[in-house]
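> After the structure tokens below, expect a handful of questions from me.
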Amino acid sequence: MFQDRMGLLSDPNRRRALTNLLTRLNTPICVLCYLAGVAWFMGLAFEPFTLRTYMSENAMGSTMVEERFPAGERALVTAREFGAHKRKSGAMPVDWLVKTMQSRGLEVYTQSFSRRLPFPDENKERYMVRGTNVYGILRAPRAPRTEALVLSAPCSPDNSNNQAVGLLLGLAQYFRSQIYWAKDIIFLVNEHDLIGMQAWLEAYHHTNITGMDWAPLHGRGGSIQAALSLELSSDVVTSLDLVLEGLNGQLPNLDLANLFYTFCQKQDILCTIQEKLQRSDWDSVSGYSQAVQTMALMVLKQASGRPWGDHGLFLRYHIESATIRGINSFRQYKTDTTTVGRLLEGMFRKLNNLLERLHQSYFFYLLPSLSRFVSIGYYMPAFGFLAVILLLRALDLWVQLGALPSVTEDGVGVTDQSSSPSLVSILTPVVISHLTGAALYTLPVLSQELAVQHFPVSETEAVVLTAIAIYTAGLALPHNTHRFMLAEGTEQGWRVLKLVAVLYLAVLLSCTALINFSLGFILALTLVPVAAFVTPHVPKVLSAVVMVLLAPGCTLLYCVFAFQELQEAPVSLIDGWMLFLSVISQGMLDHALYGSLVYPLLALFIYPCWLILWNILFWK
Amino acid sequence: TARPCMLISSSVALDFVLIGRTSAFLLLHQARAERFFRSDHTNNWAVLVCTSRFWFNYRHVANTLSVYRSVKRLGIPDSHIVLMLADDMACNHRNPKPATVFSHKNMELNVYGDDVEVDYRGYEVTVENFLRVLTGRLPPSTPRSKRLLSDDHSNILIYLTGHGGNGFLKFQDSEEISNVELADAFEQMWQKRRYNELLFIIDTCQGASMYERFYSPNLMALASSQVGEDSLSHQPDLAIGVHLMDRYTFYLLEFLEDIHPASQANMNDLFKVCPKSQCVSTPGHRTDLFQRDPGSVLITDFFGSVRKVEITMETINLTVPGIPLERFGGEPHTETALAYVDQLPVAQIIHQKPKQKDWHPPDGFILGLWTLILLVFFRTYGIKHLKHIF
């Protein structure tokens, strides 16, 4: 009678029943959860589950402004002048820019910067970078200099983005004659795109995160509230593409995207995101597939952790920013520069009305299209299902560990073993895996000199190939670590190690998903099945192959191929492999230049975790 | 209070009766004289409040300034207007036409003008200051321009605009005034005889909730929308980039532009301003606390400061007060001296009737009852159960 009143978990009979249930149903529930996670993610783009975008910020209101920008043609003339001077001087025509901005009534300043990359960048063909940023500040006529807005255009070495600089200068002249500006407007032309932007931002905010060499800024506006980066390479455009993904997967406030979309509709310009057109039949099958493709592209771009436009570096300083890219394709309806200028004028007038930073709308979202969004509350459960699998496995292992001593007492197996595995036998694989990860992180860049001396490869190739070599060498570790083990591994030993690995992976993936949902979700998709099913008792060869196929490196390879497919530019295997190599080198460069965290995360944490699981597979 | 005017007019009538002259000509004078004393206010005040700040609330400042402009045009001087504006739109950095506040698109009407006198500006517009202005409880250092120096013959117009909800009005994005507070403030005004009649106009969302709780006499209230409805704004101006006015006040201004100091338009016309077809919301009004018939209340009784001057070419014999009483041959009793009403009737406060408390049975009774119940319980079931209780 006394036991009737005991709690569910403190009653040994009931507890045994529960744990039996857990052990029996573990695998089916794990499989179900995995399928549920994937299905939930795919269902996010389904039109009835998404919400229509709307303006949340009261101060920005509707598109209630009268845009009067007249000087599109003059902007194109300026663009041609800029292009000519750029060709003549080979680099950025600093003097011409300074003179032009001064004639438009701005306060002009320059900033020089220099940076030596850790290894040459083959995509952009640069190693020792030296450049100058030119920026002009339009002071607000009556307001105190406490807030600022930024309009930037990159100065590209070839013949692109001339029209962006021309439009920037045209807008500067038009804005200068208006009296309703309540914030300073900074017109920035940055050289060497992201490197120049990083130098400017670091100098503006008096921080030095990446070890770049820059001259301090002589002129400054107030604290920057919002920034727009413009990329325009043709006189007329057929559509404007909005790029939101920034460094480490950060996104600007959704209100900025809403602002862009409402003004696109007002000016009757075709607007795209991920370069996919808007359509009216989102609930049809083809509409759904386009929505899924757009969302998947956004997930892949966010997971890569690199800034996809010059705006990407502003987000670190909590400045809402986006890049507007003009695209000229073979379409009949063309939009001229004046209309693009009017769109920018409208957006700036609305941003001018802001009283506080944009904070009313979402910071974490996915966009299946420009008019629909999925907020964090809706997409997080997809990752939650995957994380639950790890927790269920951990519970199962805990139960098994609790049940094991009674099994070994029965005499099967070695008798003179201690009942709990020694700490050393657990720590050894962990430490060695992390050392390998550290090697993967540091050695490729450090040993490029050595590699270039001994092998006929360029520095970039040396770095990338060293990384791949270390990654593959890690596969041979289990055979070698056993030499360091003092005793043979026990049944309990690998269970404890797996428990540690599973919990470690769960914590890692959850923290990653909080900051960058896309990266966490993609890693979880491949690593969670690996962590769930691996034991020393599964068939070795088959599971070894599966584990290698689901390893972080191969995940990256699949992502590269998927990205190209989704962009409707599928690549062959060779080209895909070359792209994969360049992605690795870009990842390392991003980390060194801008502080992207994807490469350290993969090398120092995810890869060692996978190595621990690999060790468990080959447990003896 | 004694009413010398009424005595004069009644004495005039009696005089004529006694003397026996009954001609239509003199009755006309009598009618005109009686109309002279139709309303018993002698001065007009206006308290105009805009409670919201920020550039996108431009229309609330424009609303208040429109009513200010009408009220000034109809004769109320700045010394009798307390204008409270929570933010400065004319000099806002975002105003493309500085030093102006427009109430009509295409910038037809600049209600800011060049002689606007703002008494409470910016952060001074708070609930506390508003209530102090109404009740007169201001520190001695407050200048006269910031005081509502009304007396028991003042007709006061109170106009509020801003963002509101069911039962409250938001001040400055940080505090609220509730309809109960407002009703109590008006009751304080009535007890101190700070008004003769009061017209309350409110242009906010769910404005009718603000006058639901009034309980003091001589109050008339108008609101731009009923409970559960939103008051909408009228026109955006694309050059300025904001909405310029709210619908209700826009049509109110249009109506008031036709009023001139000698106008005979009455309150029933005011109630018809901005029907649902124009305003989208349903304006409401409340007249049950008002003693006169709204049809006989002139617009200028509240919106203007009409001096009661009648030019006549005839002589009218008005006798000294008190003499008709003697003529009637009663005992000559002295006229009671006229005095002001006691602003703070202390005697009434001290000798108030005690508040009726709800009746409770005495405490000892309850204790005894429970003891009895417990004793009966133990008697029936035995004393051994006592250990289970304690």
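By order of appearance in the structure tokens: chains A, B, ..., then residues from 1 within every chain, and ligands from 1 in the order shown.
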Kindly provide, as a list in words, the residues of chain A having any atom no farther than 6 Å from an atom of chain B, counting only C-alpha atoms.
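Every residue of chain A that passes the 6 Å test is in Ala59, Met64, Val65, Glu66, Arg142, Ala143, Ile179, Tyr180, Trp181 and Ala182 of chain A.
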> If you run DSSP on the backbone, which residues of segment 46-131 of chain A are strand (DSSP E), as a ChimeraX atom specification?
/A:51-52,107-121,126-131
> Can you spit out the residues from that selection as a CSV table (one decimal), in the first residue's frame, using C-alpha atoms?

```csv
chain,number,residue,atom,x,y,z
A,51,LEU,CA,3.0,34.7,-43.2
A,52,ARG,CA,2.8,37.7,-45.4
A,107,GLU,CA,32.7,66.8,-46.6
A,108,VAL,CA,35.1,64.4,-48.2
A,109,TYR,CA,37.7,62.3,-46.5
A,110,THR,CA,39.9,59.4,-47.5
A,111,GLN,CA,41.2,56.4,-45.7
A,112,SER,CA,44.1,54.2,-46.7
A,113,PHE,CA,44.5,50.6,-45.6
A,114,SER,CA,46.7,47.6,-46.3
A,115,ARG,CA,46.5,43.9,-45.6
A,116,ARG,CA,48.6,40.9,-46.4
A,117,LEU,CA,46.4,37.9,-46.8
A,118,PRO,CA,47.5,34.6,-45.2
A,119,PHE,CA,47.8,33.0,-48.6
A,120,PRO,CA,46.9,34.3,-52.1
A,121,ASP,CA,43.3,34.5,-53.0
A,126,ARG,CA,45.1,39.3,-54.6
A,127,TYR,CA,47.7,38.7,-51.9
A,128,MET,CA,49.1,42.0,-50.8
A,129,VAL,CA,46.1,44.4,-50.7
A,130,ARG,CA,46.6,48.1,-50.5
A,131,GLY,CA,43.8,50.6,-51.1
```
> Leaving out Trp398 of chain A and any residue of its chain fewer than 3 positions from it, which residues lie within 9 Å of it when counting only C-alpha atoms, given as a ChimeraX atom specification?
/A:393-395,401-403,495-496,499
> One decimal, in Å: what's the spacing between atom CA of Ser233 of chain B and atom CA of Arg247 of chain B?
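Separating atom CA of Ser233 of chain B from atom CA of Arg247 of chain B is a distance of 5.3 Å.
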> Step one, run DSSP on the backbone; step two, keep only residues of segment 40-258 of chain B assigned to helix (DSSP H, G or I); then write them as an NGL selection string.
:B and (55-73 or 78-80 or 105-107 or 122-124 or 127-135 or 144-146 or 179-191 or 207-211 or 247-257)
> Residues within 12 Å of Ser371 of chain A, please, as a ChimeraX atom specification. Count only C-alpha atoms; anything in the same chain fewer than 3 positions from it doesn't count.
/A:47,50-55,254-255,257-262,264-265,271-273,277-280,282,291,366-368,374
> Using only C-alpha atoms, can you tell me which of A:Val528, A:Ile616, A:Leu313, A:Gln492 comes closest to Val430 of chain A?
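Looking at the shortest contact to Val430 of chain A, the residue is A:Ile616.
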> As an mmCIF file with N, CA and C atoms, in the first residue's frame, please: the residues near Leu83 of chain B (cut-off 9 Å, only C-alpha atoms, same-chain neighbours under 6 positions excluded).

```cif
data_model
loop_
_atom_site.group_PDB
_atom_site.id
_atom_site.type_symbol
_atom_site.label_atom_id
_atom_site.label_comp_id
_atom_site.auth_asym_id
_atom_site.auth_seq_id
_atom_site.Cartn_x
_atom_site.Cartn_y
_atom_site.Cartn_z
ATOM 1 N N ALA B 46 -10.210 78.199 -23.048
ATOM 2 C CA ALA B 46 -9.994 77.004 -23.866
ATOM 3 C C ALA B 46 -8.730 76.307 -23.399
ATOM 4 N N VAL B 47 -8.817 74.995 -23.248
ATOM 5 C CA VAL B 47 -7.629 74.190 -22.933
ATOM 6 C C VAL B 47 -7.466 73.207 -24.080
ATOM 7 N N LEU B 48 -6.426 73.382 -24.885
ATOM 8 C CA LEU B 48 -6.235 72.550 -26.086
ATOM 9 C C LEU B 48 -4.968 71.732 -25.899
ATOM 10 N N VAL B 49 -5.116 70.415 -25.957
ATOM 11 C CA VAL B 49 -4.001 69.543 -25.609
ATOM 12 C C VAL B 49 -3.702 68.576 -26.754
ATOM 13 N N CYS B 50 -2.442 68.521 -27.140
ATOM 14 C CA CYS B 50 -1.979 67.466 -28.053
ATOM 15 C C CYS B 50 -1.052 66.584 -27.253
ATOM 16 N N THR B 64 -4.685 70.072 -33.095
ATOM 17 C CA THR B 64 -4.795 71.023 -31.989
ATOM 18 C C THR B 64 -4.626 72.443 -32.486
ATOM 19 N N LEU B 65 -3.683 72.639 -33.399
ATOM 20 C CA LEU B 65 -3.463 73.995 -33.889
ATOM 21 C C LEU B 65 -4.640 74.491 -34.720
ATOM 22 N N TYR B 68 -7.095 75.662 -32.226
ATOM 23 C CA TYR B 68 -6.547 76.900 -31.636
ATOM 24 C C TYR B 68 -6.828 78.084 -32.549
ATOM 25 N N GLU B 117 0.981 80.886 -29.559
ATOM 26 C CA GLU B 117 1.567 80.985 -28.224
ATOM 27 C C GLU B 117 1.346 79.646 -27.526
ATOM 28 N N VAL B 118 2.415 78.890 -27.415
ATOM 29 C CA VAL B 118 2.309 77.568 -26.793
ATOM 30 C C VAL B 118 2.631 77.702 -25.317
ATOM 31 N N ASP B 119 1.719 77.251 -24.442
ATOM 32 C CA ASP B 119 1.949 77.434 -23.016
ATOM 33 C C ASP B 119 2.701 76.257 -22.396
ATOM 34 N N TYR B 120 2.309 75.045 -22.772
ATOM 35 C CA TYR B 120 3.026 73.875 -22.280
ATOM 36 C C TYR B 120 3.628 73.189 -23.486
ATOM 37 N N ARG B 121 4.921 73.026 -23.515
ATOM 38 C CA ARG B 121 5.557 72.500 -24.715
ATOM 39 C C ARG B 121 6.397 71.267 -24.380
ATOM 40 N N LYS B 146 0.212 79.941 -17.829
ATOM 41 C CA LYS B 146 0.090 78.499 -17.678
ATOM 42 C C LYS B 146 -1.044 78.126 -16.742
#
```
> Report as JSON, numbers by chain all protein, DNA and RNA residues lying within 10 Å of Gln448 of chain A, evaluated on only C-alpha atoms, omitting residues in the same chain fewer than 3 positions from it.
{"A": [118, 119, 443, 444, 445, 451, 452, 453, 457, 458, 459, 460, 461, 462, 463, 464, 465, 466]}
> Any chance you can output those residues with all heavy atoms as a compact mmCIF listing (two decimals), in the first residue's frame?

```txt
# COMPACT_ATOMS: atom_id res chain seq x y z
N PRO A 118 46.71 35.74 -45.60
CA PRO A 118 47.51 34.61 -45.16
C PRO A 118 48.04 33.77 -46.32
O PRO A 118 49.10 33.20 -46.25
CB PRO A 118 46.56 33.79 -44.28
CG PRO A 118 45.24 34.38 -44.45
CD PRO A 118 45.36 35.72 -45.03
N PHE A 119 47.28 33.69 -47.40
CA PHE A 119 47.77 33.05 -48.61
C PHE A 119 47.02 33.68 -49.77
O PHE A 119 45.97 34.27 -49.57
CB PHE A 119 47.58 31.52 -48.56
CG PHE A 119 46.17 31.10 -48.29
CD1 PHE A 119 45.25 30.90 -49.31
CD2 PHE A 119 45.76 30.87 -46.98
CE1 PHE A 119 43.96 30.52 -49.04
CE2 PHE A 119 44.46 30.48 -46.71
CZ PHE A 119 43.57 30.30 -47.74
N LEU A 443 47.71 24.11 -39.06
CA LEU A 443 48.80 23.67 -39.92
C LEU A 443 48.72 24.10 -41.39
O LEU A 443 49.74 24.47 -41.96
CB LEU A 443 48.94 22.14 -39.84
CG LEU A 443 49.76 21.65 -38.66
CD1 LEU A 443 49.93 20.15 -38.73
CD2 LEU A 443 51.11 22.32 -38.62
N PRO A 444 47.53 24.05 -42.01
CA PRO A 444 47.51 24.37 -43.44
C PRO A 444 48.14 25.72 -43.77
O PRO A 444 48.95 25.83 -44.70
CB PRO A 444 46.02 24.34 -43.81
CG PRO A 444 45.42 23.41 -42.85
CD PRO A 444 46.18 23.59 -41.58
N VAL A 445 47.79 26.74 -42.97
CA VAL A 445 48.33 28.06 -43.29
C VAL A 445 49.80 28.15 -42.91
O VAL A 445 50.62 28.74 -43.62
CB VAL A 445 47.52 29.14 -42.54
CG1 VAL A 445 48.10 30.49 -42.78
CG2 VAL A 445 46.09 29.10 -43.01
N ALA A 451 55.22 23.27 -47.95
CA ALA A 451 54.57 22.50 -49.00
C ALA A 451 54.97 23.01 -50.37
O ALA A 451 55.21 22.22 -51.30
CB ALA A 451 53.06 22.57 -48.82
N VAL A 452 55.07 24.35 -50.49
CA VAL A 452 55.42 24.90 -51.81
C VAL A 452 56.84 24.50 -52.20
O VAL A 452 57.13 24.26 -53.36
CB VAL A 452 55.28 26.44 -51.78
CG1 VAL A 452 55.95 27.06 -52.97
CG2 VAL A 452 53.81 26.80 -51.76
N GLN A 453 57.73 24.40 -51.18
CA GLN A 453 59.11 24.00 -51.51
C GLN A 453 59.17 22.59 -52.05
O GLN A 453 59.95 22.28 -52.94
CB GLN A 453 59.98 24.10 -50.25
CG GLN A 453 60.47 25.50 -49.98
CD GLN A 453 61.17 25.58 -48.66
OE1 GLN A 453 61.51 24.56 -48.05
NE2 GLN A 453 61.36 26.79 -48.17
N VAL A 457 53.04 23.07 -56.36
CA VAL A 457 51.69 23.63 -56.29
C VAL A 457 51.78 25.09 -55.87
O VAL A 457 52.78 25.52 -55.32
CB VAL A 457 50.80 22.87 -55.28
CG1 VAL A 457 50.41 21.53 -55.82
CG2 VAL A 457 51.49 22.75 -53.96
N SER A 458 50.72 25.85 -56.14
CA SER A 458 50.69 27.24 -55.66
C SER A 458 50.35 27.24 -54.18
O SER A 458 49.95 26.23 -53.62
CB SER A 458 49.65 28.03 -56.45
OG SER A 458 48.37 27.53 -56.16
N GLU A 459 50.50 28.42 -53.54
CA GLU A 459 50.27 28.50 -52.10
C GLU A 459 48.84 28.12 -51.74
O GLU A 459 48.60 27.42 -50.76
CB GLU A 459 50.55 29.91 -51.57
CG GLU A 459 52.00 30.23 -51.39
CD GLU A 459 52.54 30.98 -52.58
OE1 GLU A 459 51.88 30.91 -53.63
OE2 GLU A 459 53.59 31.60 -52.48
N THR A 460 47.89 28.64 -52.53
CA THR A 460 46.49 28.36 -52.21
C THR A 460 46.23 26.87 -52.26
O THR A 460 45.62 26.29 -51.37
CB THR A 460 45.57 29.08 -53.21
OG1 THR A 460 46.09 30.37 -53.45
CG2 THR A 460 44.18 29.16 -52.69
N GLU A 461 46.70 26.26 -53.37
CA GLU A 461 46.49 24.82 -53.50
C GLU A 461 47.16 24.09 -52.36
O GLU A 461 46.62 23.11 -51.83
CB GLU A 461 47.05 24.34 -54.83
CG GLU A 461 46.20 24.73 -56.01
CD GLU A 461 46.85 24.32 -57.32
OE1 GLU A 461 47.93 23.72 -57.26
OE2 GLU A 461 46.29 24.63 -58.37
N ALA A 462 48.35 24.55 -51.96
CA ALA A 462 49.07 23.89 -50.87
C ALA A 462 48.25 23.92 -49.60
O ALA A 462 48.09 22.90 -48.91
CB ALA A 462 50.40 24.60 -50.65
N VAL A 463 47.69 25.07 -49.31
CA VAL A 463 46.90 25.20 -48.08
C VAL A 463 45.72 24.24 -48.12
O VAL A 463 45.47 23.48 -47.18
CB VAL A 463 46.43 26.65 -47.92
CG1 VAL A 463 45.42 26.77 -46.83
CG2 VAL A 463 47.62 27.54 -47.62
N VAL A 464 45.00 24.30 -49.24
CA VAL A 464 43.77 23.49 -49.31
C VAL A 464 44.10 22.01 -49.26
O VAL A 464 43.46 21.23 -48.56
CB VAL A 464 43.00 23.85 -50.59
CG1 VAL A 464 41.82 22.94 -50.76
CG2 VAL A 464 42.55 25.29 -50.54
N LEU A 465 45.14 21.62 -50.00
CA LEU A 465 45.46 20.20 -50.04
C LEU A 465 45.99 19.72 -48.69
O LEU A 465 45.72 18.58 -48.28
CB LEU A 465 46.46 19.93 -51.16
CG LEU A 465 45.85 20.13 -52.56
CD1 LEU A 465 46.92 19.99 -53.62
CD2 LEU A 465 44.74 19.12 -52.81
N THR A 466 46.74 20.58 -47.98
CA THR A 466 47.19 20.20 -46.64
C THR A 466 45.98 19.97 -45.74
O THR A 466 45.95 19.00 -44.97
CB THR A 466 48.06 21.30 -46.02
OG1 THR A 466 48.97 21.78 -46.98
CG2 THR A 466 48.78 20.79 -44.80
```
> Would you list the contacts of Ile515 of chain A as a PDB file with C-alpha atoms, in the first residue's frame, taking every protein, DNA or RNA residue within 12 Å and counting only C-alpha atoms, but skipping same-chain residues closer than 4 positions in sequence?

```pdb
ATOM      1  CA  LEU A 247      28.753  37.550 -41.954  1.00  0.00           C
ATOM      2  CA  ASN A 248      28.193  34.443 -39.827  1.00  0.00           C
ATOM      3  CA  GLY A 249      24.689  34.109 -41.148  1.00  0.00           C
ATOM      4  CA  GLN A 250      23.454  37.320 -39.565  1.00  0.00           C
ATOM      5  CA  LEU A 251      20.452  38.914 -41.205  1.00  0.00           C
ATOM      6  CA  GLN A 302      23.464  31.645 -44.475  1.00  0.00           C
ATOM      7  CA  ALA A 303      25.250  28.429 -43.492  1.00  0.00           C
ATOM      8  CA  GLY A 305      28.874  32.243 -42.956  1.00  0.00           C
ATOM      9  CA  PHE A 363      15.894  39.394 -36.771  1.00  0.00           C
ATOM     10  CA  PHE A 364      15.760  35.646 -37.415  1.00  0.00           C
ATOM     11  CA  ILE A 376      12.267  31.650 -35.875  1.00  0.00           C
ATOM     12  CA  MET A 380      13.250  26.104 -34.883  1.00  0.00           C
ATOM     13  CA  LEU A 508      27.557  22.146 -30.127  1.00  0.00           C
ATOM     14  CA  LEU A 509      24.768  21.875 -32.631  1.00  0.00           C
ATOM     15  CA  SER A 510      22.264  23.636 -30.398  1.00  0.00           C
ATOM     16  CA  CYS A 511      24.597  26.556 -29.790  1.00  0.00           C
ATOM     17  CA  LEU A 519      24.584  25.928 -40.287  1.00  0.00           C
ATOM     18  CA  GLY A 520      23.286  24.020 -37.289  1.00  0.00           C
ATOM     19  CA  PHE A 521      20.517  22.409 -39.291  1.00  0.00           C
ATOM     20  CA  LEU A 597      33.409  31.511 -37.531  1.00  0.00           C
ATOM     21  CA  VAL A 598      32.480  28.641 -39.812  1.00  0.00           C
TER      22      VAL A 598
END
```
> Taking only C-alpha atoms into account, which of A:Gln173, A:Ser361, A:Gln290, A:Thr100 comes nearest Asn253 of chain A?
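Looking at the shortest contact to Asn253 of chain A, the residue is A:Ser361.
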